[in-house]
Structure formats: C-alpha cells, structure tokens
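Student: Provided herewith: final20.cif, mmCIF, C-alpha atoms and all ligand atoms; chains and numbers go by the auth columns.
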```
data_work
#
loop_
_atom_site.group_PDB
_atom_site.id
_atom_site.type_symbol
_atom_site.label_atom_id
_atom_site.label_comp_id
_atom_site.label_asym_id
_atom_site.label_seq_id
_atom_site.Cartn_x
_atom_site.Cartn_y
_atom_site.Cartn_z
_atom_site.B_iso_or_equiv
_atom_site.auth_seq_id
_atom_site.auth_asym_id
ATOM 1 C CA MET A 1 10.945 81.612 51.270 0.00 27 T
ATOM 2 C CA ALA A 2 13.748 79.375 50.001 0.00 28 T
ATOM 3 C CA ASP A 3 16.484 81.299 48.231 0.00 29 T
ATOM 4 C CA SER A 4 17.685 78.217 46.345 0.00 30 T
ATOM 5 C CA GLU A 5 16.277 77.137 42.977 0.00 31 T
ATOM 6 C CA PRO A 6 13.473 74.541 43.137 0.00 32 T
ATOM 7 C CA ALA A 7 14.534 71.079 41.901 0.00 33 T
ATOM 8 C CA GLY A 8 14.546 70.269 38.206 0.00 34 T
ATOM 9 C CA HIS A 9 16.676 70.586 35.124 0.00 35 T
ATOM 10 C CA PRO A 10 18.900 73.626 35.800 0.00 36 T
ATOM 11 C CA ASP A 11 18.835 74.677 32.166 0.00 37 T
ATOM 12 C CA GLY A 12 15.157 73.784 31.611 0.00 38 T
ATOM 13 C CA GLU A 13 12.335 76.250 31.242 0.00 39 T
ATOM 14 C CA ARG A 14 10.239 77.506 34.135 0.00 40 T
ATOM 15 C CA LEU A 15 7.167 75.349 34.613 0.00 41 T
ATOM 16 C CA GLN A 16 4.638 78.202 34.437 0.00 42 T
ATOM 17 C CA LYS A 17 6.182 79.346 31.154 0.00 43 T
ATOM 18 C CA VAL A 18 5.951 75.835 29.663 0.00 44 T
ATOM 19 C CA LEU A 19 2.314 75.501 30.742 0.00 45 T
ATOM 20 C CA ALA A 20 1.427 78.850 29.227 0.00 46 T
ATOM 21 C CA ARG A 21 3.234 78.023 25.984 0.00 47 T
ATOM 22 C CA VAL A 22 1.280 74.810 25.391 0.00 48 T
ATOM 23 C CA GLY A 23 -1.978 76.685 25.856 0.00 49 T
ATOM 24 C CA ILE A 24 -3.041 75.773 29.409 0.00 50 T
ATOM 25 C CA GLY A 25 -3.765 79.444 30.156 0.00 51 T
ATOM 26 C CA SER A 26 -2.106 82.783 30.798 0.00 52 T
ATOM 27 C CA ARG A 27 1.133 82.816 32.814 0.00 53 T
ATOM 28 C CA ARG A 28 -0.879 84.087 35.811 0.00 54 T
ATOM 29 C CA ILE A 29 -3.430 81.247 35.542 0.00 55 T
ATOM 30 C CA CYS A 30 -0.605 78.717 35.243 0.00 56 T
ATOM 31 C CA GLU A 31 1.053 80.129 38.368 0.00 57 T
ATOM 32 C CA ASP A 32 -2.249 79.751 40.226 0.00 58 T
ATOM 33 C CA LEU A 33 -2.578 76.123 39.052 0.00 59 T
ATOM 34 C CA ILE A 34 0.887 75.385 40.430 0.00 60 T
ATOM 35 C CA ALA A 35 0.119 77.170 43.725 0.00 61 T
ATOM 36 C CA GLU A 36 -3.103 75.124 44.007 0.00 62 T
ATOM 37 C CA GLU A 37 -0.939 71.974 43.714 0.00 63 T
ATOM 38 C CA ARG A 38 -2.746 70.850 40.566 0.00 64 T
ATOM 39 C CA VAL A 39 0.449 70.429 38.567 0.00 65 T
ATOM 40 C CA LYS A 40 2.744 67.422 38.855 0.00 66 T
ATOM 41 C CA VAL A 41 6.168 66.821 37.333 0.00 67 T
ATOM 42 C CA ASN A 42 7.186 63.178 37.034 0.00 68 T
ATOM 43 C CA GLY A 43 4.408 62.218 39.450 0.00 69 T
ATOM 44 C CA GLU A 44 5.232 64.782 42.177 0.00 70 T
ATOM 45 C CA ILE A 45 3.449 68.009 43.008 0.00 71 T
ATOM 46 C CA ALA A 46 5.507 70.798 41.480 0.00 72 T
ATOM 47 C CA GLU A 47 6.692 74.054 43.005 0.00 73 T
ATOM 48 C CA LEU A 48 6.370 77.413 41.344 0.00 74 T
ATOM 49 C CA GLY A 49 9.534 78.285 39.445 0.00 75 T
ATOM 50 C CA ARG A 50 10.654 74.715 39.012 0.00 76 T
ATOM 51 C CA ARG A 51 12.549 74.194 35.785 0.00 77 T
ATOM 52 C CA VAL A 52 11.498 71.389 33.465 0.00 78 T
ATOM 53 C CA ASP A 53 12.579 69.891 30.188 0.00 79 T
ATOM 54 C CA PRO A 54 9.281 69.280 28.348 0.00 80 T
ATOM 55 C CA GLU A 55 10.958 66.642 26.147 0.00 81 T
ATOM 56 C CA ARG A 56 11.981 64.565 29.146 0.00 82 T
ATOM 57 C CA ASP A 57 9.734 65.399 32.081 0.00 83 T
ATOM 58 C CA LEU A 58 6.150 64.199 32.364 0.00 84 T
ATOM 59 C CA VAL A 59 4.091 67.280 33.230 0.00 85 T
ATOM 60 C CA GLU A 60 0.467 66.782 34.270 0.00 86 T
ATOM 61 C CA VAL A 61 -2.325 69.217 35.076 0.00 87 T
ATOM 62 C CA ASP A 62 -5.189 67.688 37.057 0.00 88 T
ATOM 63 C CA GLY A 63 -3.809 64.277 36.137 0.00 89 T
ATOM 64 C CA ALA A 64 -3.789 64.918 32.365 0.00 90 T
ATOM 65 C CA PRO A 65 -0.400 65.138 30.668 0.00 91 T
ATOM 66 C CA ILE A 66 0.373 68.242 28.691 0.00 92 T
ATOM 67 C CA GLY A 67 1.768 67.780 25.191 0.00 93 T
ATOM 68 C CA THR A 68 5.436 68.008 24.437 0.00 94 T
ATOM 69 C CA ARG A 69 4.622 70.136 21.392 0.00 95 T
ATOM 70 C CA GLN A 70 2.338 73.149 21.343 0.00 96 T
ATOM 71 C CA GLY A 71 -0.844 71.663 22.796 0.00 97 T
ATOM 72 C CA LEU A 72 -0.335 68.266 21.172 0.00 98 T
ATOM 73 C CA VAL A 73 -0.853 65.056 23.126 0.00 99 T
ATOM 74 C CA HIS A 74 -0.216 61.455 22.079 0.00 100 T
ATOM 75 C CA TYR A 75 -1.672 58.615 24.130 0.00 101 T
ATOM 76 C CA LEU A 76 -1.229 54.874 23.971 0.00 102 T
ATOM 77 C CA LEU A 77 -4.315 52.925 25.080 0.00 103 T
ATOM 78 C CA ASN A 78 -4.705 49.205 25.627 0.00 104 T
ATOM 79 C CA LYS A 79 -8.207 48.844 24.231 0.00 105 T
ATOM 80 C CA PRO A 80 -10.310 46.176 25.899 0.00 106 T
ATOM 81 C CA ALA A 81 -12.827 44.084 23.920 0.00 107 T
ATOM 82 C CA GLY A 82 -16.354 45.524 23.809 0.00 108 T
ATOM 83 C CA VAL A 83 -15.277 49.177 23.486 0.00 109 T
ATOM 84 C CA VAL A 84 -15.905 51.007 20.213 0.00 110 T
ATOM 85 C CA THR A 85 -13.221 53.034 18.423 0.00 111 T
ATOM 86 C CA THR A 86 -15.344 56.132 17.814 0.00 112 T
ATOM 87 C CA ALA A 87 -15.890 59.395 19.643 0.00 113 T
ATOM 88 C CA SER A 88 -19.573 58.717 20.265 0.00 114 T
ATOM 89 C CA ASP A 89 -21.685 55.658 19.657 0.00 115 T
ATOM 90 C CA PRO A 90 -25.348 55.969 18.667 0.00 116 T
ATOM 91 C CA GLN A 91 -25.994 52.654 20.426 0.00 117 T
ATOM 92 C CA GLY A 92 -24.559 54.037 23.670 0.00 118 T
ATOM 93 C CA ARG A 93 -21.745 51.503 23.965 0.00 119 T
ATOM 94 C CA PRO A 94 -18.554 52.528 25.803 0.00 120 T
ATOM 95 C CA THR A 95 -16.042 54.252 23.547 0.00 121 T
ATOM 96 C CA VAL A 96 -12.261 54.558 23.651 0.00 122 T
ATOM 97 C CA ILE A 97 -12.722 58.288 24.268 0.00 123 T
ATOM 98 C CA ASP A 98 -14.522 57.480 27.552 0.00 124 T
ATOM 99 C CA LEU A 99 -11.285 55.892 28.771 0.00 125 T
ATOM 100 C CA LEU A 100 -9.182 59.065 28.320 0.00 126 T
ATOM 101 C CA PRO A 101 -9.091 62.567 29.852 0.00 127 T
ATOM 102 C CA ALA A 102 -11.826 64.804 28.412 0.00 128 T
ATOM 103 C CA GLU A 103 -9.382 67.627 27.623 0.00 129 T
ATOM 104 C CA PRO A 104 -7.675 68.122 25.297 0.00 130 T
ATOM 105 C CA ARG A 105 -9.943 66.261 22.907 0.00 131 T
ATOM 106 C CA VAL A 106 -8.211 63.469 21.044 0.00 132 T
ATOM 107 C CA PHE A 107 -9.195 61.067 18.282 0.00 133 T
ATOM 108 C CA PRO A 108 -8.121 57.523 17.510 0.00 134 T
ATOM 109 C CA VAL A 109 -5.490 56.831 14.839 0.00 135 T
ATOM 110 C CA GLY A 110 -7.189 54.186 12.717 0.00 136 T
ATOM 111 C CA ARG A 111 -9.566 51.792 14.376 0.00 137 T
ATOM 112 C CA LEU A 112 -9.826 48.451 16.065 0.00 138 T
ATOM 113 C CA ASP A 113 -13.018 46.375 15.771 0.00 139 T
ATOM 114 C CA LEU A 114 -15.382 46.209 18.717 0.00 140 T
ATOM 115 C CA GLN A 115 -13.978 42.872 19.873 0.00 141 T
ATOM 116 C CA THR A 116 -10.323 43.541 18.989 0.00 142 T
ATOM 117 C CA GLU A 117 -8.054 44.285 21.925 0.00 143 T
ATOM 118 C CA GLY A 118 -4.674 45.902 22.221 0.00 144 T
ATOM 119 C CA LEU A 119 -2.713 48.993 21.352 0.00 145 T
ATOM 120 C CA LEU A 120 -4.390 52.059 19.934 0.00 146 T
ATOM 121 C CA LEU A 121 -2.907 55.537 19.536 0.00 147 T
ATOM 122 C CA LEU A 122 -5.049 58.581 20.222 0.00 148 T
ATOM 123 C CA THR A 123 -3.925 62.123 19.573 0.00 149 T
ATOM 124 C CA ASN A 124 -4.920 65.636 18.594 0.00 150 T
ATOM 125 C CA ASP A 125 -1.937 65.706 16.205 0.00 151 T
ATOM 126 C CA GLY A 126 -3.773 65.421 12.875 0.00 152 T
ATOM 127 C CA GLU A 127 -0.673 65.529 10.737 0.00 153 T
ATOM 128 C CA LEU A 128 1.071 62.663 12.501 0.00 154 T
ATOM 129 C CA ALA A 129 -2.175 60.664 12.604 0.00 155 T
ATOM 130 C CA ASN A 130 -2.544 60.953 8.830 0.00 156 T
ATOM 131 C CA ARG A 131 1.007 59.839 8.248 0.00 157 T
ATOM 132 C CA ILE A 132 0.663 56.817 10.531 0.00 158 T
ATOM 133 C CA ALA A 133 -2.634 55.761 8.991 0.00 159 T
ATOM 134 C CA HIS A 134 -1.347 56.083 5.420 0.00 160 T
ATOM 135 C CA PRO A 135 -0.254 52.666 4.095 0.00 161 T
ATOM 136 C CA SER A 136 2.522 54.188 1.938 0.00 162 T
ATOM 137 C CA HIS A 137 4.420 55.205 5.079 0.00 163 T
ATOM 138 C CA GLY A 138 4.744 51.599 6.000 0.00 164 T
ATOM 139 C CA VAL A 139 4.021 51.695 9.722 0.00 165 T
ATOM 140 C CA ASP A 140 3.529 48.026 10.323 0.00 166 T
ATOM 141 C CA LYS A 141 1.079 46.699 12.861 0.00 167 T
ATOM 142 C CA GLU A 142 1.535 43.404 14.613 0.00 168 T
ATOM 143 C CA TYR A 143 -1.370 41.259 15.771 0.00 169 T
ATOM 144 C CA LEU A 144 -1.694 38.080 17.774 0.00 170 T
ATOM 145 C CA ALA A 145 -4.665 36.075 16.573 0.00 171 T
ATOM 146 C CA GLU A 146 -6.191 33.052 18.195 0.00 172 T
ATOM 147 C CA VAL A 147 -7.798 31.064 15.425 0.00 173 T
ATOM 148 C CA VAL A 148 -9.865 27.965 14.877 0.00 174 T
ATOM 149 C CA GLY A 149 -7.574 25.043 14.074 0.00 175 T
ATOM 150 C CA THR A 150 -3.844 25.083 13.374 0.00 176 T
ATOM 151 C CA PRO A 151 -2.785 26.862 10.191 0.00 177 T
ATOM 152 C CA SER A 152 -0.682 24.687 7.886 0.00 178 T
ATOM 153 C CA ARG A 153 2.561 25.824 6.262 0.00 179 T
ATOM 154 C CA ALA A 154 0.585 26.369 3.075 0.00 180 T
ATOM 155 C CA ALA A 155 -1.888 28.639 4.873 0.00 181 T
ATOM 156 C CA LEU A 156 0.962 30.667 6.406 0.00 182 T
ATOM 157 C CA ARG A 157 2.617 30.922 2.990 0.00 183 T
ATOM 158 C CA GLN A 158 -0.621 32.227 1.526 0.00 184 T
ATOM 159 C CA LEU A 159 -0.818 34.892 4.241 0.00 185 T
ATOM 160 C CA ARG A 160 2.766 35.916 3.456 0.00 186 T
ATOM 161 C CA GLU A 161 2.294 36.033 -0.295 0.00 187 T
ATOM 162 C CA GLY A 162 -1.073 37.813 -0.300 0.00 188 T
ATOM 163 C CA VAL A 163 -4.660 36.715 0.138 0.00 189 T
ATOM 164 C CA GLU A 164 -7.437 37.383 -2.354 0.00 190 T
ATOM 165 C CA LEU A 165 -10.133 39.387 -0.521 0.00 191 T
ATOM 166 C CA ASP A 166 -13.279 40.916 -2.015 0.00 192 T
ATOM 167 C CA ASP A 167 -11.503 44.316 -2.128 0.00 193 T
ATOM 168 C CA GLY A 168 -8.370 42.918 -3.798 0.00 194 T
ATOM 169 C CA ILE A 169 -5.271 40.954 -2.968 0.00 195 T
ATOM 170 C CA THR A 170 -3.456 41.865 0.250 0.00 196 T
ATOM 171 C CA ALA A 171 0.148 43.016 0.328 0.00 197 T
ATOM 172 C CA PRO A 172 2.647 40.461 1.605 0.00 198 T
ATOM 173 C CA ALA A 173 2.442 40.063 5.385 0.00 199 T
ATOM 174 C CA ALA A 174 4.730 38.501 7.959 0.00 200 T
ATOM 175 C CA ALA A 175 3.000 35.437 9.362 0.00 201 T
ATOM 176 C CA THR A 176 4.305 32.960 11.915 0.00 202 T
ATOM 177 C CA LEU A 177 2.713 30.243 13.970 0.00 203 T
ATOM 178 C CA VAL A 178 3.508 31.035 17.604 0.00 204 T
ATOM 179 C CA GLU A 179 1.998 27.812 18.877 0.00 205 T
ATOM 180 C CA GLY A 180 -1.085 25.617 18.230 0.00 206 T
ATOM 181 C CA SER A 181 -3.791 28.081 17.263 0.00 207 T
ATOM 182 C CA LEU A 182 -1.879 31.314 17.872 0.00 208 T
ATOM 183 C CA VAL A 183 -0.719 33.247 14.817 0.00 209 T
ATOM 184 C CA LYS A 184 1.435 36.395 14.716 0.00 210 T
ATOM 185 C CA LEU A 185 0.543 38.500 11.711 0.00 211 T
ATOM 186 C CA THR A 186 2.203 41.784 10.758 0.00 212 T
ATOM 187 C CA ILE A 187 0.591 43.982 8.118 0.00 213 T
ATOM 188 C CA HIS A 188 1.042 47.575 7.009 0.00 214 T
ATOM 189 C CA GLU A 189 -2.232 48.057 5.181 0.00 215 T
ATOM 190 C CA GLY A 190 -5.222 49.208 7.192 0.00 216 T
ATOM 191 C CA ARG A 191 -8.230 47.738 5.439 0.00 217 T
ATOM 192 C CA ASN A 192 -11.451 47.147 7.289 0.00 218 T
ATOM 193 C CA ARG A 193 -11.313 43.954 9.397 0.00 219 T
ATOM 194 C CA GLN A 194 -8.265 42.944 7.398 0.00 220 T
ATOM 195 C CA VAL A 195 -6.681 40.441 9.791 0.00 221 T
ATOM 196 C CA ARG A 196 -9.975 38.671 10.429 0.00 222 T
ATOM 197 C CA ARG A 197 -10.741 38.514 6.709 0.00 223 T
ATOM 198 C CA MET A 198 -7.255 37.252 5.825 0.00 224 T
ATOM 199 C CA LEU A 199 -7.430 34.450 8.359 0.00 225 T
ATOM 200 C CA ASP A 200 -11.016 33.634 7.349 0.00 226 T
ATOM 201 C CA ALA A 201 -9.869 33.391 3.734 0.00 227 T
ATOM 202 C CA VAL A 202 -7.237 30.784 4.594 0.00 228 T
ATOM 203 C CA GLY A 203 -9.755 28.721 6.564 0.00 229 T
ATOM 204 C CA HIS A 204 -8.922 29.822 10.129 0.00 230 T
ATOM 205 C CA PRO A 205 -11.531 32.195 11.569 0.00 231 T
ATOM 206 C CA VAL A 206 -10.282 34.419 14.393 0.00 232 T
ATOM 207 C CA THR A 207 -11.606 33.787 17.900 0.00 233 T
ATOM 208 C CA ARG A 208 -9.533 36.485 19.621 0.00 234 T
ATOM 209 C CA LEU A 209 -7.484 39.334 18.183 0.00 235 T
ATOM 210 C CA ILE A 210 -4.943 41.541 19.965 0.00 236 T
ATOM 211 C CA ARG A 211 -2.814 44.302 18.434 0.00 237 T
ATOM 212 C CA THR A 212 0.615 44.066 20.056 0.00 238 T
ATOM 213 C CA ARG A 213 2.664 46.672 18.156 0.00 239 T
ATOM 214 C CA ILE A 214 2.239 49.839 16.106 0.00 240 T
ATOM 215 C CA GLY A 215 5.499 50.553 14.276 0.00 241 T
ATOM 216 C CA PRO A 216 8.106 50.945 17.034 0.00 242 T
ATOM 217 C CA ILE A 217 5.483 51.249 19.808 0.00 243 T
ATOM 218 C CA THR A 218 4.790 48.283 22.050 0.00 244 T
ATOM 219 C CA ASP A 219 3.952 47.820 25.742 0.00 245 T
ATOM 220 C CA ARG A 220 3.350 44.464 27.358 0.00 246 T
ATOM 221 C CA ARG A 221 2.684 45.940 30.777 0.00 247 T
ATOM 222 C CA LEU A 222 -0.161 48.315 29.929 0.00 248 T
ATOM 223 C CA GLU A 223 -3.303 46.769 31.421 0.00 249 T
ATOM 224 C CA PRO A 224 -6.507 46.501 29.350 0.00 250 T
ATOM 225 C CA GLY A 225 -8.362 49.815 29.689 0.00 251 T
ATOM 226 C CA ALA A 226 -5.204 51.658 30.814 0.00 252 T
ATOM 227 C CA TRP A 227 -3.452 54.407 28.873 0.00 253 T
ATOM 228 C CA ARG A 228 -0.313 56.482 29.119 0.00 254 T
ATOM 229 C CA PRO A 229 1.259 59.316 27.155 0.00 255 T
ATOM 230 C CA LEU A 230 3.925 58.334 24.653 0.00 256 T
ATOM 231 C CA THR A 231 7.376 59.230 25.916 0.00 257 T
ATOM 232 C CA ALA A 232 9.318 61.812 23.936 0.00 258 T
ATOM 233 C CA ALA A 233 11.615 59.012 22.730 0.00 259 T
ATOM 234 C CA GLU A 234 8.630 56.961 21.498 0.00 260 T
ATOM 235 C CA LEU A 235 7.211 59.962 19.721 0.00 261 T
ATOM 236 C CA ARG A 236 10.536 60.572 18.002 0.00 262 T
ATOM 237 C CA SER A 237 10.774 56.932 16.942 0.00 263 T
ATOM 238 C CA LEU A 238 7.226 57.025 15.579 0.00 264 T
ATOM 239 C CA GLU A 239 8.002 60.178 13.626 0.00 265 T
ATOM 240 C CA ALA A 240 11.153 58.533 12.295 0.00 266 T
ATOM 241 C CA ALA A 241 9.100 55.475 11.264 0.00 267 T
ATOM 242 C CA VAL A 242 6.651 57.539 9.233 0.00 268 T
ATOM 243 C CA GLY A 243 9.484 59.635 7.901 0.00 269 T
ATOM 244 C CA GLU A 244 9.373 63.155 6.708 0.00 270 T
ATOM 245 C CA ALA A 245 7.721 62.047 3.473 0.00 271 T
ATOM 246 C CA GLY A 246 4.161 62.825 4.482 0.00 272 T
ATOM 247 C CA ARG A 247 4.840 66.263 5.916 0.00 273 T
ATOM 248 C CA THR A 248 3.098 69.028 4.070 0.00 274 T
ATOM 249 C CA GLN A 249 6.002 71.208 3.039 0.00 275 T
ATOM 250 C CA PRO A 250 5.598 73.366 0.009 0.00 276 T
ATOM 251 C CA GLY A 251 8.181 72.674 -2.660 0.00 277 T
ATOM 252 C CA THR A 252 9.116 69.207 -1.459 0.00 278 T
ATOM 253 C CA THR A 253 8.220 65.917 -3.037 0.00 279 T
ATOM 254 C CA ASP A 254 7.698 62.509 -1.516 0.00 280 T
ATOM 255 C CA PRO A 255 11.048 60.729 -1.830 0.00 281 T
ATOM 256 C CA GLY A 256 9.340 57.370 -1.301 0.00 282 T
ATOM 257 C CA ARG A 257 10.802 54.642 0.817 0.00 283 T
HETATM 258 N N1 LIG B . -7.777 43.711 11.560 0.00 1 B
HETATM 259 C C1 LIG B . -8.962 43.257 11.984 0.00 1 B
HETATM 260 O O1 LIG B . -9.518 42.343 11.426 0.00 1 B
HETATM 261 N N2 LIG B . -9.531 43.874 13.030 0.00 1 B
HETATM 262 C C2 LIG B . -8.958 44.881 13.704 0.00 1 B
HETATM 263 O O2 LIG B . -9.529 45.379 14.676 0.00 1 B
HETATM 264 C C3 LIG B . -7.706 45.329 13.259 0.00 1 B
HETATM 265 C C4 LIG B . -7.137 44.733 12.175 0.00 1 B
#
```
Kindly transcribe the structure held in the file into structure tokens.
Tutor:
Amino acid sequence: MADSEPAGHPDGERLQKVLARVGIGSRRICEDLIAEERVKVNGEIAELGRRVDPERDLVEVDGAPIGTRQGLVHYLLNKPAGVVTTASDPQGRPTVIDLLPAEPRVFPVGRLDLQTEGLLLLTNDGELANRIAHPSHGVDKEYLAEVVGTPSRAALRQLREGVELDDGITAPAAATLVEGSLVKLTIHEGRNRQVRRMLDAVGHPVTRLIRTRIGPITDRRLEPGAWRPLTAAELRSLEAAVGEAGRTQPGTTDPGR
C-alpha cells in the first residue's frame, strides 16, 4: 500500500466523504463504489482517499456528475430539433430527459418548442429554476432565427420597441440583422412561442430557431444532443445573474433591479 497521499487538492475533502454528503450512499457504499472503479475525478478513475474540491473538480459516478451542492445537479443540453421539452410525451416522441442520465431526476428550466434547437438548462434545483424562469429577474435569452425574407430597419425597430401580440405588447428586445435572413433576437420574457410570434408579427416567419445563450451561459462547441454539467464558475455567474432577489428568505424583500 502506498504511504503517500493519493493525488488531488491537498486541502480538499476525501472523495468518499463528498460522495456520502451529496447523498450517493453511506460512507461504506461510497468506498465500495470507488474500489469498484465506478468513480471518476476530472475524467480519471479515482483512488480511495483522494482529496477533491467539489467546487472545482468534476466528480462522476457511473458517468453521471454529482452535484456541487447537496444532491443538486445543473446540466446544459444542446437540444436538437424534433425532441420535446417534457419529461414524458403521450405521443411517444423523444424527450430532452431521454438525452440525460436517469438519476438524479432533473427537469427542464422553461421550454423550447419541438423544432427549436439550442441551449436548455435542466436541473433538480427548483429554487434556481424558478428564479431563472421568472421574467422579473431579467435573465436574457439570445436566439438566432432564420426567417423568410430580409427584415427592414423598420421591422427591426418594431422588434426593439415592442410587438403587439394577442397576449399583449412585448417588452423591448435587442434585435440585429446578422446577415441576409439571419436575425439575432434577445428577450427576457418567456412567453409561449414568443420569438416565432414576434417575427411572424413583423412579417418574417421563422424557418429555423436556435437558442444561443441563457444569461451568462453559452457554448458554441456543445454538439446537438450533447450535454455537460455547468461548471462551478458558470453556476455562480448564473446565480449572480438572477440575483438574490428571488431567494425565499423570511424577513427580506425584493430589492428589485
Ligand atoms: N421562442 C419561440 O418562439 N420558441 C422557442 O422555442 C423559444 C422561444
């Protein structure tokens, strides 16, 4: 047996203790998982007793990352077209949940239409999900839309100033023409089919829609259908973007933005 410490952060916590703390199982079960080589740290099979920093190291059990907070996981998925944003579909179509590890169970934060592609967050962190989805917290979402025709300056201005939809006028959006028929639209409301309806209303129906950013979170290299856990830094930036305002803390009031 080696008498030196296994590799890792010298002042981190022992791996089996971290696994037990986030609810993987008892300390004994976690030790067995490590001995069975089912636990990886930063992509490499981990040794018993290794020290880790759960905020910085990627720890996986059977290929599924453990959360950085007590049992919480946060995934970023690049949703392909033709996949529904629900947990189960009565029509039997593939769902975003089918693309992720079965355990722990996660749910999507907001939704993308069947044919919309791009970034979607999935988590079991209900509190953060509520804060992201709530329009008052101002997490903006950026979309690239391929449309019919080339929007005029007047059409772009209308998108920026607000478009009259059947459920009311939209809040001002950022709208730019990237080229020809490609529009970049950034909104922070989350109404049903909002981007498609806005572009329809200004005379440019959408032929392809991709979400490219959620607040501070973006990833151009994530392939369609692929997912990854948010890094601790991304999670912190997302929490900073939604602010502390939505946290349920008795005796505090929403300071607004
Ligand atoms: N707006 C839409 O129209 N569709 C989406 O999927 C997301 C935003």
Student: Could you name the residues that touch T:Asp124 at 12 Å or less, counting all atoms listed in the file, but leaving out those on the same chain fewer than 6 positions away, as a ChimeraX atom specification?
Tutor: /T:103,105,109-115,118,131-134,251-253
Student: Measuring between only C-alpha atoms, which one of T:Ser178, T:Gln220, T:Ser263, T:Asn104 shows the shortest distance to T:Gly241?
Tutor: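 Ranking T:Ser178, T:Gln220, T:Ser263, T:Asn104 by distance to T:Gly241, first place goes to T:Ser263.
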Student: Can you tell me, as a ChimeraX atom specification, what residues are no more than 7 Å from T:Leu84 when counting all atoms listed in the file, ignoring any on the same chain fewer than 4 positions away?
Tutor: /T:67-68,91
Student: Set the distance at 12 Å and use all atoms listed in the file: which residues neighbour T:Gly206 once local chain neighbours fewer than 3 positions away are removed? I'd like the list as a short mmCIF file (atom, residue, chain, number, x, y, z; two decimals) with C-alpha atoms, keeping the file's coordinate frame.
Tutor:
```cif
data_model
loop_
_atom_site.label_atom_id
_atom_site.label_comp_id
_atom_site.auth_asym_id
_atom_site.auth_seq_id
_atom_site.Cartn_x
_atom_site.Cartn_y
_atom_site.Cartn_z
CA ALA T 171 -4.66 36.08 16.57
CA GLU T 172 -6.19 33.05 18.20
CA VAL T 173 -7.80 31.06 15.42
CA VAL T 174 -9.86 27.96 14.88
CA GLY T 175 -7.57 25.04 14.07
CA THR T 176 -3.84 25.08 13.37
CA PRO T 177 -2.78 26.86 10.19
CA SER T 178 -0.68 24.69 7.89
CA THR T 202 4.30 32.96 11.92
CA LEU T 203 2.71 30.24 13.97
CA VAL T 209 -0.72 33.25 14.82
CA LYS T 210 1.44 36.40 14.72
#
```
Student: Given the choices T:Ala72, T:Ile92, T:Val78, T:Ala107, which gets closest to T:Val48 if the distance is worked out from all atoms listed in the file?
Tutor: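 Of T:Ala72, T:Ile92, T:Val78, T:Ala107, the one nearest T:Val48, counting all atoms listed in the file, is T:Ile92.
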Student: Would you list the residues that come within 6 Å of ligand LIG 1 (chain B)? Count all atoms listed in the file and give the answer as number ranges by chain.
Tutor: T: 138-139, 142, 219-222
Student: Go ahead and save the picked residues with C-alpha atoms, as a short mmCIF file (atom, residue, chain, number, x, y, z; two decimals), keeping the file's coordinate frame.
Tutor:
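Final output, again24.cif:
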```
data_model
loop_
_atom_site.label_atom_id
_atom_site.label_comp_id
_atom_site.auth_asym_id
_atom_site.auth_seq_id
_atom_site.Cartn_x
_atom_site.Cartn_y
_atom_site.Cartn_z
CA LEU T 138 -9.83 48.45 16.07
CA ASP T 139 -13.02 46.38 15.77
CA THR T 142 -10.32 43.54 18.99
CA ARG T 219 -11.31 43.95 9.40
CA GLN T 220 -8.26 42.94 7.40
CA VAL T 221 -6.68 40.44 9.79
CA ARG T 222 -9.98 38.67 10.43
#
```
Student: One number please: atom CA of T:Val135 to atom CA of T:Ile240, in Å, one decimal.
Tutor: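 Calculated distance between atom CA of T:Val135 and atom CA of T:Ile240 is 10.5 Å.
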Student: One decimal, Å: what's the distance from atom CA of T:Arg82 over to atom CA of T:Ala259, could you say?
Tutor: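 Atom-to-atom, atom CA of T:Arg82 and atom CA of T:Ala259 are spaced 8.5 Å apart.
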Student: Around all listed atoms of stretch 97-107 of chain T, padded 8 Å per side, what centre and edge lengths does the axis-aligned box have in Å to one decimal, as lines of an AutoDock Vina configuration file?
Tutor:
```
center_x = -6.5
center_y = 57.9
center_z = 23.5
size_x = 28.6
size_y = 43.6
size_z = 20.7
```
Student: Do you have the atom CA of T:Arg239-atom CA of T:Ile158 distance handy?
Tutor: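 Spanning atom CA of T:Arg239 to atom CA of T:Ile158 is a straight-line distance of 12.8 Å.
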Student: Which residue out of T:Val228, T:Ile213, T:Ile195, T:Leu208 has the minimum interatomic distance to T:Leu182 when all atoms listed in the file are used?
Tutor: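 Closest candidate: T:Val228.
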Student: Find the residues near T:Arg53: any atom within 12 Å, counting all atoms listed in the file, skip ones fewer than 6 places away on the same chain, and give them as an MDAnalysis selection string.
Tutor: chainID T and resid 40:47 59:60 74:75
Student: Which residues fall under the PyMOL selection byres (((chain T and resi 36-38) around 7) and not hetatm) in this file, as a PyMOL selection string?
Tutor: chain T and resi 34-35+39-40+77-79
Student: Please provide as an mmCIF file with C-alpha atoms, in the coordinates of the input all residues within 8 Å of T:Ala227, with the sequence filter that same-chain residues fewer than 5 positions apart are discarded (counting all atoms listed in the file).
Tutor:
```
data_model
loop_
_atom_site.group_PDB
_atom_site.id
_atom_site.type_symbol
_atom_site.label_atom_id
_atom_site.label_comp_id
_atom_site.auth_asym_id
_atom_site.auth_seq_id
_atom_site.Cartn_x
_atom_site.Cartn_y
_atom_site.Cartn_z
ATOM 1 C CA VAL T 189 -4.660 36.715 0.138
ATOM 2 C CA GLU T 190 -7.437 37.383 -2.354
ATOM 3 C CA LEU T 191 -10.133 39.387 -0.521
#
```
